[in-house]
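I have placed the structure first, in the form of structure tokens, so that the comments after it can refer back to it.
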Amino acid sequence: MKINTDTPVLALGGRENTVALVRNLGRIGVTVRVSGLPGCAAMDSRFCRERLPLPENEKPGESWRRLLLSPDRHELDGHLLFACCDDSLEFITENQEALRARYILEDFSAELRRDLLDKKKTLELAAEANVPAPRFWMVDDAAALRAIKDEISFPVMIKPLKTHSFAGTFGRKLFIIQSDIEEVVEKYELARRHGHEVMVAEMIPGPDDLLCSYYTFIDEAGEHLYHYTKRVLRRWPVNRGGAVYHITEWLPEAAELGQRFFDSIGWRGTANIEFKRDVRDGKLKIIEVNSRFTAAHRLVVDSGAPIDRMIYCKLTGQRVEGFDHYEQNLRMWYPLKDFLAYRELSAMGKLTFLGWLKSILFRKKVLPDLDLFDPGPTIVGVMYAAAGPMRRLAKKRKLKDT
């Protein structure tokens with residue numbers, strides 16, 4: 001099918017998801033520009049027509065507001081905007097009306113987008129939709145925390161209501177506490193001291209390969225453009241980090257629960273929901289929701305689900321060509337991080353070296369951003385990762401000082 005690629009795209013933020021987006025749309029002739037912080041490797045792709053870097057010493061939303069909404073800047077008017085990180089989702093949501101006057105956006109409810117960026121609201125919406133969810137507790141102070149110690153089943157998480165701002169402070173998505181209520185109090189007070197709203201949340205037990213995701217896009221009429229599922233094989237750090245080994249697999253139960261959730265709340269636009277199967281009762285329970293492309297975007301597209309192209313066509317008023325099936329058992333692999341996951345699992349007695357090798361050898365795989373014809377993102381990604389320990393050390397020193 002011939003696609004009209006006249007409408008340019010501006011991708012805001014993101015990491016490997018943005019790299020995949022830029023390549024996929026750039027290869028079919030779409031003009032793609034990228035604006036992000038250092039580490040946004042898509043800005044170094046050969047398919048990125050123009051890089052618009054953000055200063056590190058300023059909140060991304062402020063930089064994007066100056067770039068996109070200044071009355072004396074109009075060179076980007078008419079672009080289709082893709083939010084590729086939570087900061088850009090928040091920026092577009094809070095400035096929806098002004099942005100719509102100059103750019104092309106998805107149809108979405110600003111209230112629902114705010115709710116899905118808030119972990120407490122997300123769990124409340126799940127309850128209303130009759131979708132199983134972990135238990136959680138909202139408390140006001142240390143005394144209230146100690147008062148519920150008999151209700152809590154360890155391990156638990158100190159989980160921020162807004163993950164992206166918490167991760168910006170601590171370099172991690174949450175705190176996990178194995179058995180000590182005083183450690184729960186300590187981590188709760190640390191988070192609150194830095195201005196983060198948090199909740200105590202039940203941690204769903206079981207290995208990381210019980211995690212799975214459902215993807216869809218719902219148009220203005222409530223129709224789903226596609227249904228897609230995959231699952232996780234390993235994460236690093238184990239039980240709390242990002243996925244480092246994914247696999248495509250059609251999972252009807254996850255698709256049914258995901259569709260129920262989004263249809264129940266009246267969602268419109270890009271949608272991804274993650275579940276974990278609880279070994280105690282066998283139920284899939286909601287973990288988080290994203291209204292953007294995820295880190296596994298290359299896996300999704302390479303398996304035969306060109307969801308970014310479909311959304312581009314939908315938002316530019318063109319006929320959308322869907323897909324009937326996608327490749328099963330295709331894997332996306334982060335070699336170094338997965339080796340570190342193996343080391344951690346090995347120390348726990350849960351994975352042997354032979355078992356790890358069997359899981360990766362002779363398996364059809366894609367890497368997050370490796371492309372010999374577009375090496376820039378890989379080079380930048382390696383350099384940024386190499387500087388990671390120094391960034392984390394500086395962050396720890398800053399936290400210690402405060």
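Ligands are numbered from 1 in the order shown, residues from 1 within each chain, and chains are lettered A, B, ... in the order they appear in the structure tokens.
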Please identify every residue of range 142-191 of chain A that has at least one atom no farther than 12 Å from an atom of range 86-89 of chain A, counting only C-alpha atoms, and for each give the shortest atom pair and the distance in Å to one decimal, arranged by chain then increasing number, as CSV.
```
residue,atom,partner,partner_atom,distance
A:Lys162,CA,A:Asp86,CA,9.0
A:Thr163,CA,A:Asp86,CA,8.4
A:His164,CA,A:Asp86,CA,6.2
A:Ser165,CA,A:Asp87,CA,8.3
A:Phe166,CA,A:Asp86,CA,11.6
A:Ala167,CA,A:Asp86,CA,11.0
A:Gly168,CA,A:Asp87,CA,10.5
```
List the spatial neighbours of Glu56 in chain A as a compact mmCIF listing (two decimals) with C-alpha atoms, in the first residue's frame - criterion: any atom at most 10 Å away, only C-alpha atoms, same-chain residues fewer than 6 positions off excluded.
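This is the output file part12.txt:
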```
# COMPACT_ATOMS: atom_id res chain seq x y z
CA GLY A 36 15.36 14.82 23.70
CA LEU A 37 17.89 14.85 26.50
CA PRO A 38 21.41 13.40 26.22
CA SER A 63 12.26 23.27 26.95
```
Tell me, as a ChimeraX atom specification, which residues lie within 7 Å of range 131-136 of chain A, counting only C-alpha atoms; anything in the same chain fewer than 6 positions away does not count. /A:123,199-202,204,257,261,284-286
Please, could you write that set of residues out with N, CA and C atoms as an mmCIF file, in the first residue's frame?
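The resulting file, selection_17.cif, is reproduced below:
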```cif
data_model
loop_
_atom_site.group_PDB
_atom_site.id
_atom_site.type_symbol
_atom_site.label_atom_id
_atom_site.label_comp_id
_atom_site.auth_asym_id
_atom_site.auth_seq_id
_atom_site.Cartn_x
_atom_site.Cartn_y
_atom_site.Cartn_z
ATOM 1 N N LEU A 123 -4.565 1.901 39.532
ATOM 2 C CA LEU A 123 -5.085 0.748 40.267
ATOM 3 C C LEU A 123 -6.557 0.928 40.618
ATOM 4 N N MET A 199 3.127 5.280 47.517
ATOM 5 C CA MET A 199 2.228 4.369 48.208
ATOM 6 C C MET A 199 2.994 3.101 48.558
ATOM 7 N N VAL A 200 2.472 2.380 49.517
ATOM 8 C CA VAL A 200 2.998 1.051 49.827
ATOM 9 C C VAL A 200 2.182 0.070 49.000
ATOM 10 N N ALA A 201 2.843 -0.714 48.183
ATOM 11 C CA ALA A 201 2.132 -1.610 47.268
ATOM 12 C C ALA A 201 2.615 -3.044 47.444
ATOM 13 N N GLU A 202 1.682 -3.953 47.347
ATOM 14 C CA GLU A 202 1.988 -5.370 47.382
ATOM 15 C C GLU A 202 2.866 -5.730 46.195
ATOM 16 N N ILE A 204 3.857 -8.533 43.660
ATOM 17 C CA ILE A 204 3.372 -9.818 43.174
ATOM 18 C C ILE A 204 4.541 -10.802 43.142
ATOM 19 N N LEU A 257 -8.103 -9.185 29.091
ATOM 20 C CA LEU A 257 -8.057 -8.284 30.250
ATOM 21 C C LEU A 257 -7.682 -6.863 29.840
ATOM 22 N N PHE A 261 -9.969 -3.526 30.248
ATOM 23 C CA PHE A 261 -9.534 -2.332 30.979
ATOM 24 C C PHE A 261 -9.731 -1.069 30.136
ATOM 25 N N LEU A 284 -3.789 -13.028 36.429
ATOM 26 C CA LEU A 284 -2.999 -11.928 35.890
ATOM 27 C C LEU A 284 -3.425 -10.655 36.603
ATOM 28 N N LYS A 285 -2.438 -9.882 37.086
ATOM 29 C CA LYS A 285 -2.751 -8.649 37.806
ATOM 30 C C LYS A 285 -1.996 -7.480 37.179
ATOM 31 N N ILE A 286 -2.674 -6.352 37.104
ATOM 32 C CA ILE A 286 -2.119 -5.181 36.439
ATOM 33 C C ILE A 286 -0.878 -4.674 37.165
#
```
Could you check the closest approach to Phe154 in chain A for each of A:Ala341, A:Leu299, A:Ile92, A:Ile177 and tell me which residue wins, using only C-alpha atoms?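 Nearest candidate to Phe154 in chain A out of A:Ala341, A:Leu299, A:Ile92, A:Ile177: A:Ile177.
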Strand (DSSP E) call set, DSSP backbone run, range 186-309 of chain A, as a PyMOL selection string: chain A and resi 198-202+211-218+224-236+242-248+269-277+284-290
Judged by only C-alpha atoms, the minimum distance to Ala83 in chain A among A:Asp324, A:Glu106, A:Asp374, A:Asp118 is found for A:Glu106
Which neighbours of range 342-355 of chain A fall inside 8 Å, counting only C-alpha atoms, when residues of the same chain fewer than 3 positions from it are skipped, and could you give them as a count of residues only? 6
Range 270-273 of chain A surroundings by only C-alpha atoms, 9 Å radius, close-in-sequence under 6 positions cut, as a PDB file with C-alpha atoms, in the first residue's frame:
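Final output, around.pdb:
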```
ATOM      1  CA  GLU A 106      -3.814  11.690  19.010  1.00  0.00           C
ATOM      2  CA  PHE A 108      -7.185  11.463  23.990  1.00  0.00           C
ATOM      3  CA  CYS A 212       3.315 -10.006  29.906  1.00  0.00           C
ATOM      4  CA  SER A 213       1.910  -7.038  27.971  1.00  0.00           C
ATOM      5  CA  TYR A 214      -1.000  -6.154  25.703  1.00  0.00           C
ATOM      6  CA  TYR A 215      -0.792  -3.414  23.038  1.00  0.00           C
ATOM      7  CA  THR A 216      -3.564  -1.643  21.142  1.00  0.00           C
ATOM      8  CA  PHE A 217      -4.687   1.654  19.622  1.00  0.00           C
ATOM      9  CA  ILE A 218      -8.297   2.775  20.005  1.00  0.00           C
ATOM     10  CA  ASP A 219      -9.660   5.321  17.557  1.00  0.00           C
ATOM     11  CA  ALA A 254      -3.824 -10.823  28.573  1.00  0.00           C
ATOM     12  CA  GLY A 258      -6.294  -5.441  28.474  1.00  0.00           C
ATOM     13  CA  PHE A 261      -9.534  -2.332  30.979  1.00  0.00           C
ATOM     14  CA  PHE A 262      -9.243   0.149  28.104  1.00  0.00           C
ATOM     15  CA  ILE A 286      -2.119  -5.181  36.439  1.00  0.00           C
ATOM     16  CA  ILE A 287       1.376  -3.758  36.967  1.00  0.00           C
ATOM     17  CA  GLU A 288       1.373  -0.550  34.933  1.00  0.00           C
ATOM     18  CA  VAL A 289      -0.083   1.198  31.894  1.00  0.00           C
ATOM     19  CA  ASN A 290       1.683   3.224  29.173  1.00  0.00           C
ATOM     20  CA  SER A 291       0.043   5.451  26.585  1.00  0.00           C
ATOM     21  CA  ARG A 292       3.083   5.482  24.280  1.00  0.00           C
ATOM     22  CA  PHE A 293       5.433   3.163  22.430  1.00  0.00           C
ATOM     23  CA  THR A 294       7.456   1.000  24.822  1.00  0.00           C
ATOM     24  CA  ILE A 311      -0.977   5.089  13.772  1.00  0.00           C
TER      25      ILE A 311
END
```
Among A:Thr122, A:Asn239, A:Asn130, A:Asn329, Ile176 in chain A is approached most closely, using only C-alpha atoms, by A:Asn239
Can you list, as JSON, numbers by chain, every residue of range 156-387 of chain A that DSSP puts in helix (DSSP H, G or I)? {"A": [163, 164, 165, 166, 167, 168, 169, 170, 181, 182, 183, 184, 185, 186, 187, 188, 189, 190, 191, 192, 193, 208, 209, 210, 252, 253, 254, 255, 256, 257, 258, 259, 260, 261, 262, 263, 264, 265, 297, 298, 299, 300, 301, 302, 307, 308, 309, 310, 311, 312, 313, 314, 315, 335, 336, 337, 338, 339, 340, 341, 342, 343, 344, 345, 346, 347, 353, 354, 355, 356, 357, 358, 359, 360, 376, 377, 378, 379, 380, 381, 382, 383, 384, 385, 386]}
Could you tell me how far CA of Gln178 in chain A sits from CA of His246 in chain A, in Å to one decimal place?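 Interatomic distance, CA of His246 in chain A to CA of Gln178 in chain A: 26.5 Å.
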Quick one: residues within 7 Å of Val19 in chain A, only C-alpha atoms, excluding same-chain residues fewer than 4 positions away - as an MDAnalysis selection string? chainID A and resid 15 23 41:42 369
Would you put the residues from that selection into a file with N, CA and C atoms, as a short mmCIF file (atom, residue, chain, number, x, y, z; two decimals), in the first residue's frame?
```cif
data_model
loop_
_atom_site.label_atom_id
_atom_site.label_comp_id
_atom_site.auth_asym_id
_atom_site.auth_seq_id
_atom_site.Cartn_x
_atom_site.Cartn_y
_atom_site.Cartn_z
N ARG A 15 14.04 6.46 24.45
CA ARG A 15 15.34 5.81 24.24
C ARG A 15 15.23 4.86 23.04
N ARG A 23 13.56 4.96 12.74
CA ARG A 23 13.97 4.12 11.62
C ARG A 23 12.77 3.62 10.81
N ALA A 41 19.26 8.38 21.90
CA ALA A 41 20.13 7.97 20.80
C ALA A 41 19.49 8.14 19.43
N ALA A 42 18.17 8.26 19.37
CA ALA A 42 17.51 8.43 18.08
C ALA A 42 17.96 9.71 17.38
N ASP A 369 18.80 -1.75 19.46
CA ASP A 369 19.06 -0.67 18.52
C ASP A 369 20.18 -0.95 17.53
#
```
So, counting only C-alpha atoms, which residue among A:Leu336, A:Leu69, A:Leu117, A:Ala126 is closest to Arg235 in chain A?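 Comparing A:Leu336, A:Leu69, A:Leu117, A:Ala126 against Arg235 in chain A, the winner is A:Leu336.
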Residues within 7 Å of Leu161 in chain A, only C-alpha atoms, excluding chain neighbours under 6 positions, as a compact mmCIF listing (two decimals) with N, CA and C atoms, in the first residue's frame:
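Saved file around.txt follows:
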```txt
# COMPACT_ATOMS: atom_id res chain seq x y z
N ASP A 118 -0.52 8.27 36.95
CA ASP A 118 -0.58 8.19 38.41
C ASP A 118 -0.86 6.74 38.79
N LYS A 119 0.07 6.08 39.48
CA LYS A 119 -0.06 4.66 39.77
C LYS A 119 -1.25 4.35 40.66
N LYS A 120 -1.57 5.22 41.59
CA LYS A 120 -2.74 4.99 42.46
C LYS A 120 -4.02 5.04 41.65
N GLU A 197 5.18 11.79 45.98
CA GLU A 197 4.04 11.07 46.55
C GLU A 197 4.23 9.59 46.27
N VAL A 198 4.07 8.77 47.30
CA VAL A 198 4.30 7.34 47.15
C VAL A 198 3.20 6.55 47.86
```
